[in-house]
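Asks: final_18.txt (compact mmCIF, C-alpha atoms (C1' of nucleotides)) pasted underneath:
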```txt
# COMPACT_ATOMS: atom_id res chain seq x y z
CA MET A 1 124.65 83.54 120.30
CA ARG A 2 121.08 82.57 119.49
CA ILE A 3 120.08 79.56 117.43
CA GLY A 4 119.48 81.46 114.21
CA GLU A 5 122.91 83.02 114.32
CA LEU A 6 124.58 79.71 114.96
CA ALA A 7 122.62 78.17 112.10
CA ALA A 8 123.70 80.96 109.76
CA ALA A 9 127.30 80.72 110.92
CA THR A 10 127.57 76.97 110.46
CA GLY A 11 125.20 76.31 107.58
CA VAL A 12 123.35 73.78 109.73
CA SER A 13 119.58 74.18 109.93
CA VAL A 14 117.86 75.36 113.09
CA ARG A 15 116.00 72.10 113.07
CA SER A 16 119.22 70.15 113.09
CA LEU A 17 120.69 72.20 115.93
CA ARG A 18 117.68 71.36 118.06
CA TYR A 19 118.08 67.74 117.10
CA TYR A 20 121.75 67.78 118.11
CA GLU A 21 120.76 69.10 121.49
CA ASN A 22 118.13 66.42 121.80
CA GLN A 23 120.83 63.83 121.10
CA GLY A 24 123.06 65.36 123.74
CA PHE A 25 125.67 66.76 121.34
CA LEU A 26 125.08 70.33 122.48
CA ASN A 27 124.02 71.82 125.80
CA PRO A 28 123.27 75.49 125.32
CA GLU A 29 122.31 77.70 128.23
CA ARG A 30 118.78 79.01 128.27
CA SER A 31 117.67 82.59 128.69
CA ALA A 32 115.04 83.40 131.30
CA SER A 33 112.38 83.03 128.63
CA GLY A 34 113.73 79.68 127.48
CA GLN A 35 115.63 80.66 124.37
CA ARG A 36 118.85 78.82 123.62
CA ILE A 37 122.05 80.76 124.19
CA TYR A 38 125.17 79.22 122.69
CA ALA A 39 128.70 79.88 123.85
CA PRO A 40 131.11 80.95 121.10
CA ASP A 41 132.84 77.57 121.02
CA ALA A 42 129.58 75.94 119.94
CA LEU A 43 130.54 76.99 116.45
CA GLN A 44 133.59 74.74 116.46
CA ARG A 45 131.63 71.95 118.00
CA VAL A 46 128.89 72.07 115.39
CA THR A 47 131.54 72.12 112.67
CA LEU A 48 133.07 69.02 114.20
CA ILE A 49 129.70 67.30 114.35
CA GLN A 50 129.22 68.07 110.70
CA ARG A 51 132.61 66.65 109.84
CA LEU A 52 131.69 63.45 111.61
CA PHE A 53 128.35 63.25 109.83
CA ASP A 54 130.14 63.86 106.56
CA ALA A 55 132.38 60.95 107.41
CA GLY A 56 129.31 58.73 107.48
CA LEU A 57 128.91 58.39 111.23
CA CYS A 58 125.49 58.13 112.82
CA SER A 59 124.21 59.81 115.96
CA LYS A 60 124.83 56.76 118.05
CA ALA A 61 128.51 56.75 117.14
CA MET A 62 128.63 60.47 117.78
CA THR A 63 127.38 59.87 121.29
CA ASP A 64 130.36 57.62 121.89
CA ILE A 65 132.88 59.81 120.18
CA LEU A 66 132.09 63.38 121.17
CA PRO A 67 132.93 62.94 124.86
CA LEU A 68 136.34 61.55 123.89
CA ILE A 69 137.03 64.53 121.70
CA THR A 70 136.19 67.28 124.14
CA ASP A 71 139.47 66.64 125.91
CA PRO A 72 141.31 64.61 123.35
CA ARG A 73 144.77 64.06 124.67
CA PRO A 74 144.09 61.73 127.58
CA GLN A 75 141.71 59.57 125.54
CA ALA A 76 143.31 59.70 122.16
CA ALA A 77 143.80 55.96 122.10
CA ALA A 78 140.15 55.22 122.82
CA LEU A 79 139.06 57.79 120.30
CA GLN A 80 141.31 56.39 117.67
CA ALA A 81 140.02 52.90 118.33
CA ARG A 82 136.46 54.05 118.01
CA LEU A 83 137.14 55.85 114.77
CA MET A 84 138.88 52.79 113.41
CA GLN A 85 135.82 50.78 114.30
CA GLU A 86 133.69 53.17 112.24
CA ARG A 87 136.22 52.92 109.47
CA GLU A 88 135.80 49.19 109.46
CA ARG A 89 132.06 49.53 109.30
CA LEU A 90 132.43 51.65 106.19
CA SER A 91 134.75 49.09 104.67
CA ASN A 92 132.18 46.42 105.34
CA ASP A 93 129.51 48.55 103.73
CA ILE A 94 131.69 48.94 100.66
CA ALA A 95 132.31 45.22 100.50
CA LYS A 96 128.61 44.52 100.71
CA ILE A 97 127.72 46.88 97.90
CA LYS A 98 130.50 45.41 95.81
CA ARG A 99 128.93 42.01 96.30
CA ASN A 100 125.60 43.49 95.24
CA ARG A 101 127.22 44.87 92.15
CA GLU A 102 128.74 41.50 91.34
CA SER A 103 125.33 39.88 91.59
CA LEU A 104 124.05 42.46 89.19
CA ASP A 105 126.96 41.89 86.84
CA HIS A 106 126.19 38.22 86.88
CA MET A 107 122.61 38.90 85.87
CA ILE A 108 123.69 41.29 83.16
CA GLY A 109 126.05 38.63 81.91
CA GLU A 110 123.29 36.04 81.78
CA LEU A 111 121.22 38.47 79.83
CA ARG A 112 123.86 38.88 77.17
CA GLN A 113 122.96 35.53 75.64
CA PHE A 114 119.58 36.89 74.64
CA SER A 115 120.62 40.24 73.30
CA THR A 116 122.52 39.27 70.13
CA MET B 1 99.95 26.55 96.10
CA ARG B 2 98.95 28.50 99.18
CA ILE B 3 101.01 31.27 100.69
CA GLY B 4 102.56 29.19 103.46
CA GLU B 5 103.79 26.59 101.00
CA LEU B 6 105.31 29.23 98.76
CA ALA B 7 106.97 30.83 101.75
CA ALA B 8 108.43 27.50 102.83
CA ALA B 9 109.56 26.68 99.29
CA THR B 10 111.30 30.00 98.75
CA GLY B 11 112.46 30.93 102.22
CA VAL B 12 110.66 34.24 101.92
CA SER B 13 108.34 35.19 104.77
CA VAL B 14 104.59 35.18 104.36
CA ARG B 15 104.67 38.86 105.25
CA SER B 16 107.04 39.57 102.40
CA LEU B 17 104.98 37.65 99.88
CA ARG B 18 101.98 39.78 100.77
CA TYR B 19 104.15 42.86 100.42
CA TYR B 20 105.35 41.75 96.99
CA GLU B 21 101.76 41.42 95.90
CA ASN B 22 100.99 44.86 97.26
CA GLN B 23 103.84 46.23 95.19
CA GLY B 24 102.50 44.51 92.09
CA PHE B 25 105.27 41.93 91.80
CA LEU B 26 102.90 38.98 92.15
CA ASN B 27 99.26 38.52 91.19
CA PRO B 28 98.01 35.28 92.70
CA GLU B 29 94.50 34.04 92.06
CA ARG B 30 92.14 33.98 95.00
CA SER B 31 90.04 31.09 96.22
CA ALA B 32 86.31 31.63 96.81
CA SER B 33 87.09 32.40 100.43
CA GLY B 34 89.79 34.91 99.54
CA GLN B 35 92.90 32.85 100.09
CA ARG B 36 95.81 33.39 97.74
CA ILE B 37 96.45 30.61 95.24
CA TYR B 38 99.82 30.75 93.50
CA ALA B 39 100.59 29.14 90.14
CA PRO B 40 103.68 26.92 90.17
CA ASP B 41 105.80 29.45 88.31
CA ALA B 42 105.41 31.88 91.20
CA LEU B 43 108.28 30.00 92.78
CA GLN B 44 110.66 31.05 90.02
CA ARG B 45 109.36 34.57 90.12
CA VAL B 46 109.86 34.92 93.86
CA THR B 47 113.36 33.54 93.48
CA LEU B 48 114.05 36.16 90.83
CA ILE B 49 112.69 38.91 93.06
CA GLN B 50 115.01 37.73 95.80
CA ARG B 51 117.96 37.77 93.44
CA LEU B 52 117.18 41.35 92.53
CA PHE B 53 116.84 42.34 96.18
CA ASP B 54 120.12 40.60 96.88
CA ALA B 55 121.66 42.71 94.15
CA GLY B 56 120.69 45.80 96.10
CA LEU B 57 117.70 46.89 94.04
CA CYS B 58 114.71 48.55 95.68
CA SER B 59 111.03 47.98 95.03
CA LYS B 60 110.77 50.94 92.72
CA ALA B 61 113.48 49.53 90.47
CA MET B 62 111.78 46.16 90.63
CA THR B 63 108.60 47.73 89.34
CA ASP B 64 110.51 48.92 86.28
CA ILE B 65 112.44 45.76 85.77
CA LEU B 66 110.06 42.89 86.37
CA PRO B 67 107.81 43.65 83.39
CA LEU B 68 110.85 43.62 81.12
CA ILE B 69 111.90 40.24 82.41
CA THR B 70 108.62 38.40 82.04
CA ASP B 71 109.20 38.19 78.31
CA PRO B 72 112.89 38.94 78.11
CA ARG B 73 113.88 38.56 74.51
CA PRO B 74 112.14 41.53 72.87
CA GLN B 75 113.18 43.93 75.62
CA ALA B 76 116.59 42.65 76.46
CA ALA B 77 118.18 45.95 75.50
CA ALA B 78 115.89 47.99 77.74
CA LEU B 79 116.36 45.55 80.57
CA GLN B 80 120.08 45.62 80.20
CA ALA B 81 120.09 49.41 80.18
CA ARG B 82 118.02 49.49 83.33
CA LEU B 83 120.27 47.04 85.10
CA MET B 84 123.31 49.04 84.04
CA GLN B 85 121.68 52.10 85.54
CA GLU B 86 121.31 50.27 88.84
CA ARG B 87 124.90 49.15 88.54
CA GLU B 88 125.97 52.74 88.22
CA ARG B 89 123.96 53.69 91.26
CA LEU B 90 125.81 51.06 93.25
CA SER B 91 129.13 52.34 91.94
CA ASN B 92 128.19 55.83 93.04
CA ASP B 93 127.26 54.53 96.46
CA ILE B 94 130.63 52.86 96.74
CA ALA B 95 132.42 56.03 95.71
CA LYS B 96 130.52 58.02 98.28
CA ILE B 97 131.35 55.67 101.12
CA LYS B 98 134.96 55.67 100.03
CA ARG B 99 134.97 59.43 100.33
CA ASN B 100 133.45 59.08 103.80
CA ARG B 101 136.19 56.69 104.72
CA GLU B 102 138.81 59.10 103.49
CA SER B 103 137.36 61.83 105.68
CA LEU B 104 137.62 59.48 108.57
CA ASP B 105 141.19 58.59 107.68
CA HIS B 106 141.99 62.24 107.60
CA MET B 107 140.63 62.69 111.11
CA ILE B 108 142.46 59.64 112.35
CA GLY B 109 145.62 61.08 110.86
CA GLU B 110 145.12 64.39 112.61
CA LEU B 111 144.67 62.53 115.83
CA ARG B 112 147.96 60.76 115.50
CA GLN B 113 149.85 63.89 116.56
CA PHE B 114 148.29 63.64 120.00
CA SER B 115 148.71 59.97 120.60
CA THR B 116 152.47 59.65 120.85
C1' DG C 1 102.63 99.83 122.26
C1' DT C 2 102.78 97.55 118.06
C1' DA C 3 104.44 95.00 114.14
C1' DA C 4 107.80 91.99 112.22
C1' DG C 5 110.53 88.52 112.72
C1' DA C 6 113.01 85.13 115.62
C1' DC C 7 112.14 81.72 118.83
C1' DC C 8 109.61 77.90 121.56
C1' DT C 9 107.43 72.88 121.77
C1' DG C 10 105.17 69.12 119.77
C1' DA C 11 104.15 66.32 116.15
C1' DC C 12 103.70 64.26 111.53
C1' DA C 13 106.22 63.06 107.05
C1' DC C 14 109.79 60.92 104.58
C1' DC C 15 111.94 55.88 102.71
C1' DA C 16 111.75 50.64 102.57
C1' DA C 17 111.20 46.11 103.70
C1' DT C 18 109.91 43.42 107.21
C1' DG C 19 108.21 42.07 112.04
C1' DT C 20 104.43 41.65 114.83
C1' DG C 21 99.93 41.53 116.89
C1' DA C 22 94.85 41.85 117.06
C1' DG C 23 90.64 40.06 115.73
C1' DG C 24 88.34 37.07 112.84
C1' DG C 25 87.42 33.29 109.14
C1' DG C 26 88.76 28.78 106.56
C1' DC C 27 89.99 23.95 106.26
C1' DA C 28 90.97 19.23 107.26
C1' DA C 29 91.31 15.34 110.50
C1' DG C 30 89.39 13.20 114.34
C1' DC D 1 81.30 19.42 115.77
C1' DT D 2 85.55 20.43 117.60
C1' DT D 3 90.39 21.24 117.64
C1' DG D 4 94.39 23.10 115.70
C1' DC D 5 96.66 25.21 112.20
C1' DC D 6 96.59 28.12 108.24
C1' DC D 7 94.85 32.13 106.26
C1' DC D 8 92.63 36.94 105.94
C1' DT D 9 92.96 42.35 106.62
C1' DC D 10 94.41 46.32 109.06
C1' DA D 11 97.72 48.78 111.21
C1' DC D 12 101.63 50.19 114.03
C1' DA D 13 106.90 49.76 114.80
C1' DT D 14 111.51 49.97 113.13
C1' DT D 15 115.90 53.56 111.49
C1' DG D 16 117.62 58.51 111.24
C1' DG D 17 118.36 63.09 110.14
C1' DT D 18 115.83 66.65 108.46
C1' DG D 19 111.66 69.34 106.55
C1' DT D 20 107.70 71.46 107.77
C1' DC D 21 103.46 73.02 109.97
C1' DA D 22 100.63 74.68 113.88
C1' DG D 23 99.92 77.45 117.62
C1' DG D 24 101.98 80.23 120.77
C1' DT D 25 105.83 83.41 123.06
C1' DC D 26 109.81 86.69 122.91
C1' DT D 27 112.60 90.49 121.21
C1' DT D 28 113.69 94.48 118.87
C1' DA D 29 113.10 98.52 116.23
C1' DC D 30 110.00 102.05 115.44
```
Would it be possible to restate this file's structure as structure tokens?

Replies:
Amino acid sequence: MRIGELAAATGVSVRSLRYYENQGFLNPERSASGQRIYAPDALQRVTLIQRLFDAGLCSKAMTDILPLITDPRPQAAALQARLMQERERLSNDIAKIKRNRESLDHMIGELRQFST
Amino acid sequence: MRIGELAAATGVSVRSLRYYENQGFLNPERSASGQRIYAPDALQRVTLIQRLFDAGLCSKAMTDILPLITDPRPQAAALQARLMQERERLSNDIAKIKRNRESLDHMIGELRQFST
DNA sequence: GTAAGACCTGACACCAATGTGAGGGGCAAG
DNA sequence: CTTGCCCCTCACATTGGTGTCAGGTCTTAC
């Protein structure tokens, strides 16, 4: 499979596929002329990468997590721990934005004394 | 007041004060030699800018909002509307991260079948 | 063999607030 | 007048995934 086909099949841009390779998420073979040749299971892998991106993970986390997933059973505990860690990061992000929103509410409340 | 004094008084870095001026949030006088001279009320204004940053607003929002605050009474309604708009943006951000977290929970759940 | 289209690498752009450093001038106390 | 600290401008770096362009190569169908 060439890069354009994989892009069409996954909905991920060619640019992004090259980026994923650059980050070490994918390791396609190369043809004699240097073109990327993807094995059929790359499709699954790209889909997984997209799921992880959709879950708010960054490339750095992906670098940790992808190797644990390739052969999940033996390392399920480590993988689970790492995902929980990301989950906690998201929870912290939510808490922070909630604090932001409270600050804003406080300002809006102060403002109310002028508006009547 | 010179820039170093204002920085010390507010806890905001000299670099940031110059940035705020660049963004149009502050308009200090200049001495004959070009040094920034801040009026005493700059202290309040910088504190306000920091409060807005702490509430998760970006410079672009600040550009909208600061002019409405300088003379708050006549424009309280517009200001309030603008702040509510920012509040909604934060709520949307929270909702999005919650969806991310749910995706992650889903993956963690799938993983559970391997871990026992 | 040629034309069209897919592919290659390399590199800049985006967004935002701040850090940092270079190279040079200002100011006040001794 | 010198020393030391404060200030000036300009400009690059950071973070991260993707868009996009330039200039060149490969493949495929005709």

Asks: Could you write out as an NGL selection string the residues of chain D within 9 Å of chain A, counting all atoms listed in the file?

Replies: :D and (16-19 or 25-26)

Asks: So that I can see what lies close to region 2-11 of chain C, please list as a list of chain:residue names the residues with an atom at most 12 Å from it, counting all atoms listed in the file and leaving out residues fewer than 4 positions away in the same chain.

Replies: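 Listing them by chain and then by number gives A:Arg2, A:Ile3, A:Gly4, A:Glu5, A:Val14, A:Arg15, A:Arg18, A:Arg30, A:Ser31, A:Ser33, A:Gly34, A:Gln35, A:Arg36, A:Ile37, D:DT20, D:DC21, D:DA22, D:DG23, D:DG24, D:DT25, D:DC26, D:DT27, D:DT28, D:DA29, D:DC30.
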
Asks: What are the residues of chain B lining chain A at 6 Å or less? Count only C-alpha atoms, and put the answer as a list in words.

Replies: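 Those within range of chain A come out as Ala55, Gly56, Arg73, Ala76, Ile94, Asn100, Ser103, Leu104, Phe114 and Ser115 of chain B.
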
Asks: Against chain B, which residues of chain C fall within 9 Å? For each one I want the closest pair of atoms and the distance in Å (one decimal), counting only C-alpha atoms (C1' of nucleotides), rows by chain and increasing residue number, as a Markdown table.

Replies:
```
| residue | atom | partner | partner_atom | distance |
| --- | --- | --- | --- | --- |
| C:DA16 | C1' | B:Cys58 | CA | 7.8 |
| C:DA17 | C1' | B:Ser16 | CA | 7.9 |
| C:DT18 | C1' | B:Ser16 | CA | 6.8 |
| C:DG19 | C1' | B:Arg15 | CA | 8.3 |
| C:DG25 | C1' | B:Ser33 | CA | 8.8 |
| C:DG26 | C1' | B:Ser33 | CA | 7.3 |
```

Asks: Provide the CA of Pro40 (chain A) to CA of Ala78 (chain A) distance in Å, to one decimal place.

Replies: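 Between CA of Pro40 (chain A) and CA of Ala78 (chain A) the gap works out to 27.3 Å.
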
Asks: Since the input lacks some atoms of region 46-79 of chain B, please model N, CA and C atoms and print them as a CSV table (one decimal), in the frame of the given file.

Replies:
```
chain,number,residue,atom,x,y,z
B,46,VAL,N,109.4,34.5,92.5
B,46,VAL,CA,109.9,34.9,93.9
B,46,VAL,C,111.4,34.8,94.0
B,47,THR,N,111.9,33.7,93.4
B,47,THR,CA,113.4,33.5,93.5
B,47,THR,C,114.1,34.7,92.7
B,48,LEU,N,113.5,35.0,91.6
B,48,LEU,CA,114.0,36.2,90.8
B,48,LEU,C,114.0,37.5,91.6
B,49,ILE,N,112.8,37.7,92.2
B,49,ILE,CA,112.7,38.9,93.1
B,49,ILE,C,113.8,38.9,94.1
B,50,GLN,N,114.0,37.8,94.8
B,50,GLN,CA,115.0,37.7,95.8
B,50,GLN,C,116.4,38.0,95.2
B,51,ARG,N,116.6,37.5,94.1
B,51,ARG,CA,118.0,37.8,93.4
B,51,ARG,C,118.1,39.3,93.2
B,52,LEU,N,117.1,39.9,92.8
B,52,LEU,CA,117.2,41.4,92.5
B,52,LEU,C,117.4,42.1,93.8
B,53,PHE,N,116.6,41.7,94.9
B,53,PHE,CA,116.8,42.3,96.2
B,53,PHE,C,118.3,42.1,96.6
B,54,ASP,N,118.8,40.9,96.5
B,54,ASP,CA,120.1,40.6,96.9
B,54,ASP,C,121.1,41.5,96.1
B,55,ALA,N,120.7,41.9,94.9
B,55,ALA,CA,121.7,42.7,94.2
B,55,ALA,C,121.5,44.2,94.5
B,56,GLY,N,120.8,44.4,95.6
B,56,GLY,CA,120.7,45.8,96.1
B,56,GLY,C,119.7,46.7,95.4
B,57,LEU,N,118.7,46.1,94.7
B,57,LEU,CA,117.7,46.9,94.0
B,57,LEU,C,116.6,47.1,95.0
B,58,CYS,N,115.9,48.2,94.8
B,58,CYS,CA,114.7,48.6,95.7
B,58,CYS,C,113.4,48.2,94.9
B,59,SER,N,112.3,48.3,95.6
B,59,SER,CA,111.0,48.0,95.0
B,59,SER,C,110.7,48.8,93.8
B,60,LYS,N,111.1,50.1,93.8
B,60,LYS,CA,110.8,50.9,92.7
B,60,LYS,C,111.5,50.4,91.5
B,61,ALA,N,112.7,50.1,91.6
B,61,ALA,CA,113.5,49.5,90.5
B,61,ALA,C,112.8,48.2,90.0
B,62,MET,N,112.4,47.4,91.0
B,62,MET,CA,111.8,46.2,90.6
B,62,MET,C,110.6,46.4,89.8
B,63,THR,N,109.8,47.4,90.1
B,63,THR,CA,108.6,47.7,89.3
B,63,THR,C,108.9,48.0,87.9
B,64,ASP,N,110.1,48.7,87.7
B,64,ASP,CA,110.5,48.9,86.3
B,64,ASP,C,110.9,47.6,85.6
B,65,ILE,N,111.7,46.8,86.4
B,65,ILE,CA,112.4,45.8,85.8
B,65,ILE,C,111.6,44.5,85.5
B,66,LEU,N,110.8,44.2,86.5
B,66,LEU,CA,110.1,42.9,86.4
B,66,LEU,C,109.3,42.8,85.1
B,67,PRO,N,108.6,43.8,84.6
B,67,PRO,CA,107.8,43.6,83.4
B,67,PRO,C,108.7,43.3,82.2
B,68,LEU,N,109.9,43.9,82.2
B,68,LEU,CA,110.8,43.6,81.1
B,68,LEU,C,111.4,42.2,81.1
B,69,ILE,N,111.3,41.6,82.3
B,69,ILE,CA,111.9,40.2,82.4
B,69,ILE,C,110.9,39.2,82.0
B,70,THR,N,109.6,39.4,82.3
B,70,THR,CA,108.6,38.4,82.0
B,70,THR,C,108.7,37.8,80.6
B,71,ASP,N,109.0,38.7,79.7
B,71,ASP,CA,109.2,38.2,78.3
B,71,ASP,C,110.5,38.8,77.8
B,72,PRO,N,111.6,38.2,78.2
B,72,PRO,CA,112.9,38.9,78.1
B,72,PRO,C,113.4,39.3,76.7
B,73,ARG,N,113.2,38.4,75.8
B,73,ARG,CA,113.9,38.6,74.5
B,73,ARG,C,113.6,39.9,73.8
B,74,PRO,N,112.4,40.3,73.6
B,74,PRO,CA,112.1,41.5,72.9
B,74,PRO,C,112.7,42.8,73.6
B,75,GLN,N,112.8,42.7,74.9
B,75,GLN,CA,113.2,43.9,75.6
B,75,GLN,C,114.5,43.8,76.3
B,76,ALA,N,115.3,42.9,75.8
B,76,ALA,CA,116.6,42.6,76.5
B,76,ALA,C,117.4,43.9,76.5
B,77,ALA,N,117.4,44.7,75.5
B,77,ALA,CA,118.2,46.0,75.5
B,77,ALA,C,117.7,46.9,76.6
B,78,ALA,N,116.4,47.1,76.7
B,78,ALA,CA,115.9,48.0,77.7
B,78,ALA,C,116.2,47.5,79.1
B,79,LEU,N,116.1,46.2,79.3
B,79,LEU,CA,116.4,45.6,80.6
B,79,LEU,C,117.8,45.7,80.9
```
